[in-house]
$ cat run-v8.pdb   # PDB, C-alpha atoms, pLDDT in the B column
ATOM      1  CA  MET L   1      15.146  12.258 -22.442  1.00 36.00           C
ATOM      2  CA  HIS L   2      14.598  13.970 -19.118  1.00 33.00           C
ATOM      3  CA  GLU L   3      13.192  17.348 -18.182  1.00 36.00           C
ATOM      4  CA  ALA L   4      12.657  19.029 -14.818  1.00 33.00           C
ATOM      5  CA  ARG L   5      10.146  21.830 -14.410  1.00 37.00           C
ATOM      6  CA  GLU L   6       9.068  23.541 -11.183  1.00 40.00           C
ATOM      7  CA  GLY L   7      10.341  20.637  -9.136  1.00 36.00           C
ATOM      8  CA  ALA L   8       8.570  18.071 -11.247  1.00 40.00           C
ATOM      9  CA  ARG L   9      10.451  15.030 -12.418  1.00 41.00           C
ATOM     10  CA  VAL L  10       9.368  14.105 -15.916  1.00 41.00           C
ATOM     11  CA  GLY L  11      10.858  11.285 -17.911  1.00 44.00           C
ATOM     12  CA  SER L  12      10.356   9.556 -21.215  1.00 46.00           C
ATOM     13  CA  GLU L  13      12.258   7.160 -23.409  1.00 48.00           C
ATOM     14  CA  ARG L  14      12.245   7.037 -27.174  1.00 48.00           C
ATOM     15  CA  PHE L  15      13.433   4.244 -29.429  1.00 52.00           C
ATOM     16  CA  ILE L  16      14.171   4.579 -33.125  1.00 53.00           C
ATOM     17  CA  ILE L  17      13.771   1.362 -35.110  1.00 55.00           C
ATOM     18  CA  GLY L  18      13.997   1.913 -38.854  1.00 62.00           C
ATOM     19  CA  PRO L  19      11.015   3.792 -40.345  1.00 84.00           C
ATOM     20  CA  ALA L  20       9.000   3.020 -37.203  1.00 87.00           C
ATOM     21  CA  GLY L  21       9.851   4.392 -33.774  1.00 88.00           C
ATOM     22  CA  TRP L  22       8.469   3.662 -30.322  1.00 91.00           C
ATOM     23  CA  LEU L  23       7.587   6.139 -27.608  1.00 89.00           C
ATOM     24  CA  GLY L  24       7.460   4.678 -24.126  1.00 83.00           C
ATOM     25  CA  ASN L  25       7.863   5.106 -20.399  1.00 80.00           C
ATOM     26  CA  VAL L  26       6.483   8.629 -20.118  1.00 75.00           C
ATOM     27  CA  ALA L  27       6.140   9.454 -16.437  1.00 72.00           C
ATOM     28  CA  VAL L  28       5.076  12.498 -14.427  1.00 72.00           C
ATOM     29  CA  ASP L  29       5.269  12.814 -10.647  1.00 72.00           C
ATOM     30  CA  ASP L  30       1.875  12.649  -8.977  1.00 71.00           C
ATOM     31  CA  ASP L  31       2.196  16.138  -7.505  1.00 71.00           C
ATOM     32  CA  ALA L  32       3.028  17.587 -10.939  1.00 62.00           C
ATOM     33  CA  ARG L  33       0.039  16.216 -12.812  1.00 68.00           C
ATOM     34  CA  GLY L  34      -2.632  18.417 -14.296  1.00 68.00           C
ATOM     35  CA  ARG L  35      -0.154  20.883 -15.804  1.00 72.00           C
ATOM     36  CA  GLY L  36       0.021  19.368 -19.279  1.00 73.00           C
ATOM     37  CA  LEU L  37       3.523  18.017 -18.734  1.00 77.00           C
ATOM     38  CA  ASP L  38       2.608  14.566 -20.040  1.00 77.00           C
ATOM     39  CA  THR L  39       1.416  16.066 -23.323  1.00 84.00           C
ATOM     40  CA  ALA L  40       4.434  18.375 -23.597  1.00 85.00           C
ATOM     41  CA  ILE L  41       7.040  15.689 -22.998  1.00 83.00           C
ATOM     42  CA  SER L  42       5.288  13.273 -25.371  1.00 86.00           C
ATOM     43  CA  GLN L  43       5.123  15.909 -28.111  1.00 89.00           C
ATOM     44  CA  THR L  44       8.819  16.658 -27.662  1.00 87.00           C
ATOM     45  CA  ALA L  45       9.664  12.972 -28.018  1.00 86.00           C
ATOM     46  CA  VAL L  46       7.487  12.703 -31.140  1.00 90.00           C
ATOM     47  CA  ASP L  47       9.236  15.741 -32.630  1.00 90.00           C
ATOM     48  CA  CYS L  48      12.625  14.101 -32.013  1.00 87.00           C
ATOM     49  CA  LEU L  49      11.491  10.919 -33.731  1.00 87.00           C
ATOM     50  CA  ARG L  50      10.188  12.867 -36.711  1.00 88.00           C
ATOM     51  CA  GLN L  51      13.492  14.738 -36.987  1.00 88.00           C
ATOM     52  CA  ALA L  52      15.267  11.365 -37.033  1.00 85.00           C
ATOM     53  CA  GLY L  53      13.218  10.306 -40.068  1.00 87.00           C
ATOM     54  CA  VAL L  54      10.657   8.109 -38.364  1.00 89.00           C
ATOM     55  CA  GLU L  55       7.453   7.780 -40.410  1.00 90.00           C
ATOM     56  CA  THR L  56       5.285   5.963 -37.874  1.00 94.00           C
ATOM     57  CA  VAL L  57       5.401   6.419 -34.104  1.00 94.00           C
ATOM     58  CA  LEU L  58       4.071   3.498 -32.074  1.00 95.00           C
ATOM     59  CA  LEU L  59       3.242   3.117 -28.394  1.00 95.00           C
ATOM     60  CA  THR L  60       1.146   1.141 -25.963  1.00 95.00           C
ATOM     61  CA  ALA L  61      -1.231   3.166 -23.812  1.00 94.00           C
ATOM     62  CA  THR L  62      -3.139   2.536 -20.626  1.00 91.00           C
ATOM     63  CA  GLU L  63      -6.778   3.584 -20.475  1.00 90.00           C
ATOM     64  CA  SER L  64      -5.822   6.779 -18.651  1.00 85.00           C
ATOM     65  CA  GLY L  65      -3.048   7.544 -21.130  1.00 87.00           C
ATOM     66  CA  GLN L  66      -5.104   7.136 -24.294  1.00 92.00           C
ATOM     67  CA  PRO L  67      -6.687  10.631 -24.186  1.00 91.00           C
ATOM     68  CA  VAL L  68      -3.219  12.206 -23.949  1.00 88.00           C
ATOM     69  CA  TYR L  69      -2.064  10.468 -27.115  1.00 93.00           C
ATOM     70  CA  GLU L  70      -5.326  11.085 -28.936  1.00 95.00           C
ATOM     71  CA  ARG L  71      -4.767  14.817 -28.417  1.00 92.00           C
ATOM     72  CA  LEU L  72      -1.429  14.392 -30.160  1.00 94.00           C
ATOM     73  CA  GLY L  73      -3.080  12.722 -33.150  1.00 96.00           C
ATOM     74  CA  PHE L  74      -2.470   9.059 -32.299  1.00 97.00           C
ATOM     75  CA  THR L  75      -5.110   6.562 -33.389  1.00 96.00           C
ATOM     76  CA  ASP L  76      -6.093   3.329 -31.696  1.00 96.00           C
ATOM     77  CA  GLU L  77      -5.037   0.412 -33.917  1.00 95.00           C
ATOM     78  CA  GLY L  78      -7.660  -1.873 -32.387  1.00 95.00           C
ATOM     79  CA  VAL L  79      -4.996  -4.131 -30.898  1.00 95.00           C
ATOM     80  CA  SER L  80      -4.721  -4.811 -27.173  1.00 97.00           C
ATOM     81  CA  TYR L  81      -1.646  -6.346 -25.577  1.00 97.00           C
ATOM     82  CA  GLY L  82      -2.565  -8.667 -22.740  1.00 97.00           C
ATOM     83  CA  ILE L  83      -0.345  -8.628 -19.663  1.00 97.00           C
ATOM     84  CA  TRP L  84      -0.166 -12.096 -18.104  1.00 97.00           C
ATOM     85  CA  GLU L  85       1.176 -12.788 -14.617  1.00 94.00           C
ATOM     86  CA  GLN L  86       2.285 -16.179 -13.378  1.00 90.00           C
ATOM     87  CA  GLN L  87       0.056 -17.458 -10.578  1.00 86.00           C
ATOM     88  CA  GLN L  88       1.614 -20.871 -10.067  1.00 78.00           C
ATOM     89  CA  ALA L  89       4.682 -22.792 -11.100  1.00 74.00           C
ATOM     90  CA  PRO L  90       3.936 -24.647 -14.326  1.00 71.00           C
ATOM     91  CA  ALA L  91       3.970 -28.434 -14.439  1.00 67.00           C
ATOM     92  CA  LEU L  92       6.638 -29.110 -17.043  1.00 66.00           C
ATOM     93  CA  ALA L  93       7.127 -32.808 -16.431  1.00 55.00           C
ATOM     94  CA  GLY L  94       5.316 -33.596 -19.667  1.00 59.00           C
ATOM     95  CA  ASP L  95       7.535 -31.263 -21.674  1.00 58.00           C
ATOM     96  CA  ARG L  96      10.694 -32.816 -22.966  1.00 58.00           C
ATOM     97  CA  PRO L  97      13.699 -30.491 -22.784  1.00 50.00           C
ATOM     98  CA  ALA L  98      13.240 -27.845 -25.422  1.00 52.00           C
ATOM     99  CA  THR L  99      15.156 -28.365 -28.641  1.00 58.00           C
ATOM    100  CA  VAL L 100      16.780 -25.006 -29.112  1.00 66.00           C
ATOM    101  CA  GLN L 101      20.132 -23.848 -30.358  1.00 70.00           C
ATOM    102  CA  PRO L 102      22.193 -20.641 -30.497  1.00 73.00           C
ATOM    103  CA  ALA L 103      20.854 -18.215 -33.058  1.00 75.00           C
ATOM    104  CA  ASP L 104      22.454 -16.462 -35.991  1.00 81.00           C
ATOM    105  CA  ALA L 105      21.981 -12.686 -35.757  1.00 84.00           C
ATOM    106  CA  ASP L 106      20.795 -12.337 -39.356  1.00 86.00           C
ATOM    107  CA  GLU L 107      18.231 -15.096 -38.842  1.00 84.00           C
ATOM    108  CA  ILE L 108      16.912 -13.391 -35.719  1.00 86.00           C
ATOM    109  CA  ILE L 109      16.533 -10.072 -37.536  1.00 88.00           C
ATOM    110  CA  ARG L 110      14.764 -11.765 -40.458  1.00 89.00           C
ATOM    111  CA  GLN L 111      12.261 -13.603 -38.267  1.00 89.00           C
ATOM    112  CA  ASP L 112      11.672 -10.515 -36.156  1.00 92.00           C
ATOM    113  CA  ALA L 113      10.950  -8.363 -39.216  1.00 92.00           C
ATOM    114  CA  GLU L 114       8.495 -10.965 -40.548  1.00 92.00           C
ATOM    115  CA  ALA L 115       6.493 -10.711 -37.308  1.00 94.00           C
ATOM    116  CA  THR L 116       6.771  -7.035 -36.387  1.00 94.00           C
ATOM    117  CA  GLY L 117       7.131  -5.438 -39.818  1.00 92.00           C
ATOM    118  CA  GLU L 118       9.992  -3.393 -38.337  1.00 91.00           C
ATOM    119  CA  ASP L 119      13.740  -3.299 -38.812  1.00 88.00           C
ATOM    120  CA  ARG L 120      14.870  -3.674 -35.197  1.00 87.00           C
ATOM    121  CA  ARG L 121      18.439  -4.791 -35.870  1.00 86.00           C
ATOM    122  CA  SER L 122      19.990  -1.937 -33.895  1.00 83.00           C
ATOM    123  CA  TYR L 123      18.009  -3.011 -30.849  1.00 82.00           C
ATOM    124  CA  LEU L 124      18.430  -6.779 -31.254  1.00 86.00           C
ATOM    125  CA  ALA L 125      22.088  -6.886 -32.312  1.00 85.00           C
ATOM    126  CA  PRO L 126      23.519  -6.202 -28.814  1.00 86.00           C
ATOM    127  CA  PHE L 127      21.688  -9.292 -27.549  1.00 85.00           C
ATOM    128  CA  ALA L 128      22.504 -11.589 -30.481  1.00 81.00           C
ATOM    129  CA  GLY L 129      24.720 -13.744 -28.282  1.00 85.00           C
ATOM    130  CA  ARG L 130      21.783 -14.347 -25.945  1.00 87.00           C
ATOM    131  CA  SER L 131      19.403 -15.464 -28.700  1.00 87.00           C
ATOM    132  CA  ARG L 132      18.033 -18.961 -29.188  1.00 85.00           C
ATOM    133  CA  VAL L 133      16.043 -20.480 -32.041  1.00 82.00           C
ATOM    134  CA  ALA L 134      13.637 -23.390 -32.096  1.00 76.00           C
ATOM    135  CA  ALA L 135      15.349 -26.278 -33.862  1.00 69.00           C
ATOM    136  CA  GLY L 136      13.827 -29.073 -35.897  1.00 68.00           C
ATOM    137  CA  ARG L 137      11.966 -29.478 -39.134  1.00 60.00           C
ATOM    138  CA  GLY L 138       8.925 -27.239 -39.417  1.00 60.00           C
ATOM    139  CA  HIS L 139       9.930 -25.138 -36.422  1.00 64.00           C
ATOM    140  CA  ALA L 140      10.634 -21.450 -36.717  1.00 83.00           C
ATOM    141  CA  GLY L 141      11.021 -18.863 -34.026  1.00 88.00           C
ATOM    142  CA  TYR L 142      13.457 -17.203 -31.677  1.00 91.00           C
ATOM    143  CA  ARG L 143      13.761 -15.820 -28.195  1.00 91.00           C
ATOM    144  CA  VAL L 144      16.251 -13.483 -26.577  1.00 91.00           C
ATOM    145  CA  ALA L 145      17.307 -14.179 -22.991  1.00 89.00           C
ATOM    146  CA  LEU L 146      17.537 -10.641 -21.640  1.00 89.00           C
ATOM    147  CA  PRO L 147      20.022 -10.161 -18.781  1.00 88.00           C
ATOM    148  CA  TRP L 148      17.208  -9.078 -16.445  1.00 87.00           C
ATOM    149  CA  GLY L 149      14.936 -11.996 -17.373  1.00 86.00           C
ATOM    150  CA  GLY L 150      12.207 -12.627 -19.906  1.00 89.00           C
ATOM    151  CA  GLY L 151      12.706 -11.373 -23.439  1.00 92.00           C
ATOM    152  CA  PRO L 152      10.955 -11.340 -26.814  1.00 94.00           C
ATOM    153  CA  VAL L 153       9.538 -14.562 -28.228  1.00 95.00           C
ATOM    154  CA  ILE L 154       8.571 -14.783 -31.898  1.00 95.00           C
ATOM    155  CA  ALA L 155       7.252 -18.062 -33.290  1.00 94.00           C
ATOM    156  CA  ALA L 156       5.668 -19.251 -36.525  1.00 90.00           C
ATOM    157  CA  ASN L 157       3.555 -21.916 -34.804  1.00 90.00           C
ATOM    158  CA  PRO L 158       2.365 -22.920 -31.307  1.00 90.00           C
ATOM    159  CA  ALA L 159       4.799 -25.840 -31.037  1.00 87.00           C
ATOM    160  CA  SER L 160       7.800 -23.571 -31.574  1.00 88.00           C
ATOM    161  CA  ALA L 161       6.357 -21.014 -29.153  1.00 92.00           C
ATOM    162  CA  ARG L 162       5.903 -23.584 -26.405  1.00 89.00           C
ATOM    163  CA  SER L 163       9.414 -24.922 -26.939  1.00 86.00           C
ATOM    164  CA  LEU L 164      10.909 -21.458 -26.594  1.00 90.00           C
ATOM    165  CA  ILE L 165       8.804 -20.293 -23.642  1.00 90.00           C
ATOM    166  CA  VAL L 166       9.371 -23.534 -21.714  1.00 87.00           C
ATOM    167  CA  ASP L 167      13.097 -23.110 -22.357  1.00 86.00           C
ATOM    168  CA  MET L 168      12.830 -19.556 -21.025  1.00 87.00           C
ATOM    169  CA  ILE L 169      11.014 -20.651 -17.879  1.00 85.00           C
ATOM    170  CA  ARG L 170      13.508 -23.423 -17.196  1.00 82.00           C
ATOM    171  CA  THR L 171      16.617 -21.329 -17.717  1.00 82.00           C
ATOM    172  CA  SER L 172      15.504 -17.837 -16.684  1.00 76.00           C
ATOM    173  CA  PRO L 173      12.256 -17.876 -14.704  1.00 69.00           C
ATOM    174  CA  VAL L 174       9.833 -15.190 -15.818  1.00 77.00           C
ATOM    175  CA  SER L 175       6.808 -13.955 -13.885  1.00 84.00           C
ATOM    176  CA  ARG L 176       5.120 -12.047 -16.706  1.00 92.00           C
ATOM    177  CA  LEU L 177       4.295 -12.349 -20.397  1.00 96.00           C
ATOM    178  CA  ALA L 178       2.851  -9.685 -22.694  1.00 97.00           C
ATOM    179  CA  PHE L 179       1.630 -10.212 -26.248  1.00 97.00           C
ATOM    180  CA  PRO L 180      -1.215  -9.181 -28.598  1.00 97.00           C
ATOM    181  CA  GLU L 181      -4.560 -10.513 -27.396  1.00 96.00           C
ATOM    182  CA  MET L 182      -5.526 -11.640 -30.895  1.00 95.00           C
ATOM    183  CA  ASN L 183      -2.862 -14.341 -30.515  1.00 97.00           C
ATOM    184  CA  ALA L 184      -5.287 -17.007 -29.269  1.00 96.00           C
ATOM    185  CA  HIS L 185      -2.581 -19.685 -29.256  1.00 96.00           C
ATOM    186  CA  GLY L 186      -0.494 -17.464 -27.013  1.00 97.00           C
ATOM    187  CA  ALA L 187      -3.365 -17.093 -24.551  1.00 97.00           C
ATOM    188  CA  ALA L 188      -3.940 -20.855 -24.414  1.00 96.00           C
ATOM    189  CA  LEU L 189      -0.230 -21.431 -23.898  1.00 94.00           C
ATOM    190  CA  ALA L 190      -0.058 -18.845 -21.119  1.00 94.00           C
ATOM    191  CA  VAL L 191      -2.981 -20.465 -19.277  1.00 92.00           C
ATOM    192  CA  SER L 192      -1.419 -23.916 -19.605  1.00 90.00           C
ATOM    193  CA  LEU L 193       1.785 -22.601 -18.034  1.00 90.00           C
ATOM    194  CA  GLY L 194       0.079 -21.083 -14.984  1.00 90.00           C
ATOM    195  CA  PHE L 195      -0.357 -17.466 -16.132  1.00 94.00           C
ATOM    196  CA  ARG L 196      -3.530 -15.404 -15.893  1.00 95.00           C
ATOM    197  CA  LEU L 197      -4.557 -12.220 -17.657  1.00 97.00           C
ATOM    198  CA  ALA L 198      -3.892  -9.326 -15.279  1.00 97.00           C
ATOM    199  CA  GLY L 199      -4.290  -6.277 -17.497  1.00 96.00           C
ATOM    200  CA  ARG L 200      -4.078  -4.864 -20.989  1.00 96.00           C
ATOM    201  CA  VAL L 201      -2.825  -1.847 -22.899  1.00 96.00           C
ATOM    202  CA  ARG L 202      -3.750  -0.553 -26.345  1.00 96.00           C
ATOM    203  CA  ARG L 203      -1.435  -0.220 -29.331  1.00 97.00           C
ATOM    204  CA  MET L 204      -1.626   3.260 -30.893  1.00 97.00           C
ATOM    205  CA  ARG L 205       0.132   4.870 -33.809  1.00 96.00           C
ATOM    206  CA  LEU L 206       0.847   8.254 -35.352  1.00 96.00           C
ATOM    207  CA  GLY L 207       1.392   7.916 -39.090  1.00 94.00           C
ATOM    208  CA  PRO L 208       0.756   5.114 -41.592  1.00 94.00           C
ATOM    209  CA  SER L 209       0.208   1.547 -40.451  1.00 93.00           C
ATOM    210  CA  VAL L 210       3.255  -0.727 -40.359  1.00 92.00           C
ATOM    211  CA  PRO L 211       3.029  -3.228 -43.233  1.00 90.00           C
ATOM    212  CA  GLY L 212       3.845  -6.811 -42.355  1.00 91.00           C
ATOM    213  CA  TYR L 213       2.801  -6.585 -38.697  1.00 94.00           C
ATOM    214  CA  ARG L 214       1.717 -10.134 -37.675  1.00 95.00           C
ATOM    215  CA  PRO L 215       0.551 -10.065 -34.038  1.00 96.00           C
ATOM    216  CA  GLY L 216      -0.278 -13.786 -34.093  1.00 96.00           C
ATOM    217  CA  ALA L 217       3.445 -14.579 -34.275  1.00 97.00           C
ATOM    218  CA  ILE L 218       4.326 -12.536 -31.168  1.00 97.00           C
ATOM    219  CA  TYR L 219       4.308 -14.585 -27.943  1.00 97.00           C
ATOM    220  CA  ASN L 220       6.185 -12.138 -25.734  1.00 97.00           C
ATOM    221  CA  VAL L 221       7.262  -8.554 -26.388  1.00 95.00           C
ATOM    222  CA  PHE L 222      10.705  -7.093 -25.800  1.00 92.00           C
ATOM    223  CA  SER L 223       8.925  -4.646 -23.518  1.00 91.00           C
ATOM    224  CA  LEU L 224       5.694  -2.672 -23.701  1.00 91.00           C
ATOM    225  CA  ALA L 225       7.838   0.398 -24.428  1.00 88.00           C
ATOM    226  CA  VAL L 226       9.385  -0.975 -27.621  1.00 87.00           C
ATOM    227  CA  GLY L 227       7.058  -3.741 -28.757  1.00 87.00           C
TER     228      GLY L 227
END
$ encode --input "run-v8.pdb" --output "structure tokens"
Amino acid sequence: MHEAREGARVGSERFIIGPAGWLGNVAVDDDARGRGLDTAISQTAVDCLRQAGVETVLLTATESGQPVYERLGFTDEGVSYGIWEQQQAPALAGDRPATVQPADADEIIRQDAEATGEDRRSYLAPFAGRSRVAAGRGHAGYRVALPWGGGPVIAANPASARSLIVDMIRTSPVSRLAFPEMNAHGAALAVSLGFRLAGRVRRMRLGPSVPGYRPGAIYNVFSLAVG
């Protein structure tokens, strides 16, 4: 969705994922700020999501963006997503090659729903051929190798998470991770792989909470615009 007003360039993106929808990437040119454009464009995006049948609108907000969304009725869910940047190349000599295998699309959607509480099949399906799952008894998790690098990592336990993230680093180097801060295993894993916490954003919602959301199983988001 794009709108131009009095020379201002305003942009936003909206994503509809089942009964929950994400609002992200709202931007206003510096010289156009202070006119209420950020609130107007966000409200328009929310209205579009509501018209599409979305019950809960989710987003991640910076500290400066939170007041804008609070004015629109969003509430802080009490969850911060840490943004981790790689400071040094990880020493992977002690990690045996990750045991991963191509993923089945239905299995990816099932595992994703168990972690996020959302039906994101329409967003994941185009990347099904780039998905990998942790193999082996007791392991459960998946990752998607996005064409531009990185990608979501969902894992049921730290061993599966490490296997998948090491595989990601070895095959498609990534310089950043982002995941819920309450995932203590994720933080320890990030540190061990040479990442440091560089920032954080807050998860906010408009509407009822999403049942089944398990932040401890999320080791890297698809993006901060879509969770």
$ resolve_selection --input "run-v8.pdb" --expression "the PyMOL selection byres ((chain L and resi 89) around 12)" --output "PyMOL selection string"
chain L and resi 85-88+90-93+166+169-170+173-175+190-195
$ closest_residue --input "run-v8.pdb" --among "L:Ile83, L:Ala155, L:Leu49, L:Leu23" --to "Thr116 (chain L)" --atoms "all atoms listed in the file"
L:Ala155
$ closest_residue --input "run-v8.pdb" --among "L:Gly150, L:Thr39, L:Arg196, L:Ile165" --to "Gln66 (chain L)" --atoms "all atoms listed in the file"
L:Thr39
$ atom_distance --input "run-v8.pdb" --atom1 "CA of Thr44 (chain L)" --atom2 "CA of Val221 (chain L)"
25.3 Å
$ resolve_selection --input "run-v8.pdb" --expression "the PyMOL selection byres ((chain L and resi 224) around 9)" --output "PDB file with C-alpha atoms, keeping the file's coordinate frame"
ATOM      1  CA  GLY L  24       7.460   4.678 -24.126  1.00 83.00           C
ATOM      2  CA  ASN L  25       7.863   5.106 -20.399  1.00 80.00           C
ATOM      3  CA  LEU L  59       3.242   3.117 -28.394  1.00 95.00           C
ATOM      4  CA  THR L  60       1.146   1.141 -25.963  1.00 95.00           C
ATOM      5  CA  TYR L  81      -1.646  -6.346 -25.577  1.00 97.00           C
ATOM      6  CA  ALA L 178       2.851  -9.685 -22.694  1.00 97.00           C
ATOM      7  CA  PHE L 179       1.630 -10.212 -26.248  1.00 97.00           C
ATOM      8  CA  VAL L 201      -2.825  -1.847 -22.899  1.00 96.00           C
ATOM      9  CA  VAL L 221       7.262  -8.554 -26.388  1.00 95.00           C
ATOM     10  CA  PHE L 222      10.705  -7.093 -25.800  1.00 92.00           C
ATOM     11  CA  SER L 223       8.925  -4.646 -23.518  1.00 91.00           C
ATOM     12  CA  ALA L 225       7.838   0.398 -24.428  1.00 88.00           C
ATOM     13  CA  VAL L 226       9.385  -0.975 -27.621  1.00 87.00           C
ATOM     14  CA  GLY L 227       7.058  -3.741 -28.757  1.00 87.00           C
TER      15      GLY L 227
END
$ atom_distance --input "run-v8.pdb" --atom1 "CA of Val26 (chain L)" --atom2 "CA of Ile154 (chain L)"
26.3 Å
$ resolve_selection --input "run-v8.pdb" --expression "the PyMOL selection byres ((chain L and resi 113) around 12)" --output "VMD selection string"
chain L and resid 17 to 18 20 106 to 112 114 to 121 124 141 to 142 154 to 155 210 to 215 217 to 218
$ atom_distance --input "run-v8.pdb" --atom1 "CA of Leu206 (chain L)" --atom2 "CA of Pro126 (chain L)"
27.7 Å
$ closest_residue --input "run-v8.pdb" --among "L:Asp104, L:Trp148, L:Pro67, L:Pro158" --to "Gly129 (chain L)" --atoms "all atoms listed in the file"
L:Asp104
$ residues_around --input "run-v8.pdb" --residues "Thr75 (chain L)" --least-positions-apart "2" --cutoff "9 Å" --atoms "all atoms listed in the file" --output "number ranges by chain"
L: 69-70, 73, 77-78, 203-207
$ axis_aligned_box --input "run-v8.pdb" --around "region 128-133 of chain L" --padding-each-side "6 Å" --output "JSON"
{"center_x": 20.4, "center_y": -16.0, "center_z": -29.0, "size_x": 20.7, "size_y": 20.9, "size_z": 18.1}
$ closest_residue --input "run-v8.pdb" --among "L:Ser163, L:Ser209, L:Ser80, L:Ser131" --to "Pro180 (chain L)" --atoms "all atoms listed in the file"
L:Ser80
$ residues_around --input "run-v8.pdb" --residues "Pro147 (chain L)" --least-positions-apart "6" --cutoff "10 Å" --atoms "all atoms listed in the file" --output "JSON, numbers by chain"
{"L": [127, 130, 172]}
$ closest_residue --input "run-v8.pdb" --among "L:Leu189, L:Val57, L:Pro102, L:Ser42" --to "Ala161 (chain L)" --atoms "only C-alpha atoms"
L:Leu189
$ closest_residue --input "run-v8.pdb" --among "L:Met168, L:Val54, L:Ala103, L:Arg35" --to "Ala125 (chain L)" --atoms "only C-alpha atoms"
L:Ala103
$ decode --input "run-v8.pdb" --residues "region 40-77 of chain L" --atoms "C-alpha atoms" --output "mmCIF file, in the first residue's frame"
data_model
loop_
_atom_site.group_PDB
_atom_site.id
_atom_site.type_symbol
_atom_site.label_atom_id
_atom_site.label_comp_id
_atom_site.auth_asym_id
_atom_site.auth_seq_id
_atom_site.Cartn_x
_atom_site.Cartn_y
_atom_site.Cartn_z
ATOM 1 C CA ALA L 40 -3.298 7.795 9.048
ATOM 2 C CA ILE L 41 -1.481 5.197 6.970
ATOM 3 C CA SER L 42 -1.442 2.716 9.866
ATOM 4 C CA GLN L 43 -5.177 3.164 10.446
ATOM 5 C CA THR L 44 -5.853 2.610 6.750
ATOM 6 C CA ALA L 45 -3.853 -0.618 6.814
ATOM 7 C CA VAL L 46 -5.704 -1.786 9.939
ATOM 8 C CA ASP L 47 -9.037 -1.037 8.252
ATOM 9 C CA CYS L 48 -7.997 -3.143 5.247
ATOM 10 C CA LEU L 49 -7.060 -6.044 7.497
ATOM 11 C CA ARG L 50 -10.365 -5.820 9.340
ATOM 12 C CA GLN L 51 -12.256 -5.815 6.035
ATOM 13 C CA ALA L 52 -10.359 -8.979 5.076
ATOM 14 C CA GLY L 53 -11.652 -10.727 8.208
ATOM 15 C CA VAL L 54 -8.588 -10.435 10.403
ATOM 16 C CA GLU L 55 -9.449 -10.659 14.113
ATOM 17 C CA THR L 56 -6.065 -9.760 15.587
ATOM 18 C CA VAL L 57 -3.556 -7.328 14.097
ATOM 19 C CA LEU L 58 0.046 -7.840 15.189
ATOM 20 C CA LEU L 59 3.165 -5.727 14.760
ATOM 21 C CA THR L 60 6.563 -5.031 16.235
ATOM 22 C CA ALA L 61 7.201 -1.444 17.287
ATOM 23 C CA THR L 62 10.266 0.601 18.067
ATOM 24 C CA GLU L 63 10.219 2.799 21.155
ATOM 25 C CA SER L 64 9.379 5.835 19.027
ATOM 26 C CA GLY L 65 6.632 3.971 17.182
ATOM 27 C CA GLN L 66 4.821 2.632 20.238
ATOM 28 C CA PRO L 67 2.864 5.852 20.975
ATOM 29 C CA VAL L 68 1.527 5.869 17.401
ATOM 30 C CA TYR L 69 0.118 2.368 17.766
ATOM 31 C CA GLU L 70 -1.178 2.990 21.268
ATOM 32 C CA ARG L 71 -3.287 5.828 19.850
ATOM 33 C CA LEU L 72 -4.792 3.297 17.464
ATOM 34 C CA GLY L 73 -5.714 0.979 20.334
ATOM 35 C CA PHE L 74 -2.791 -1.462 20.194
ATOM 36 C CA THR L 75 -1.613 -2.947 23.480
ATOM 37 C CA ASP L 76 1.888 -4.006 24.430
ATOM 38 C CA GLU L 77 1.965 -7.804 24.791
#
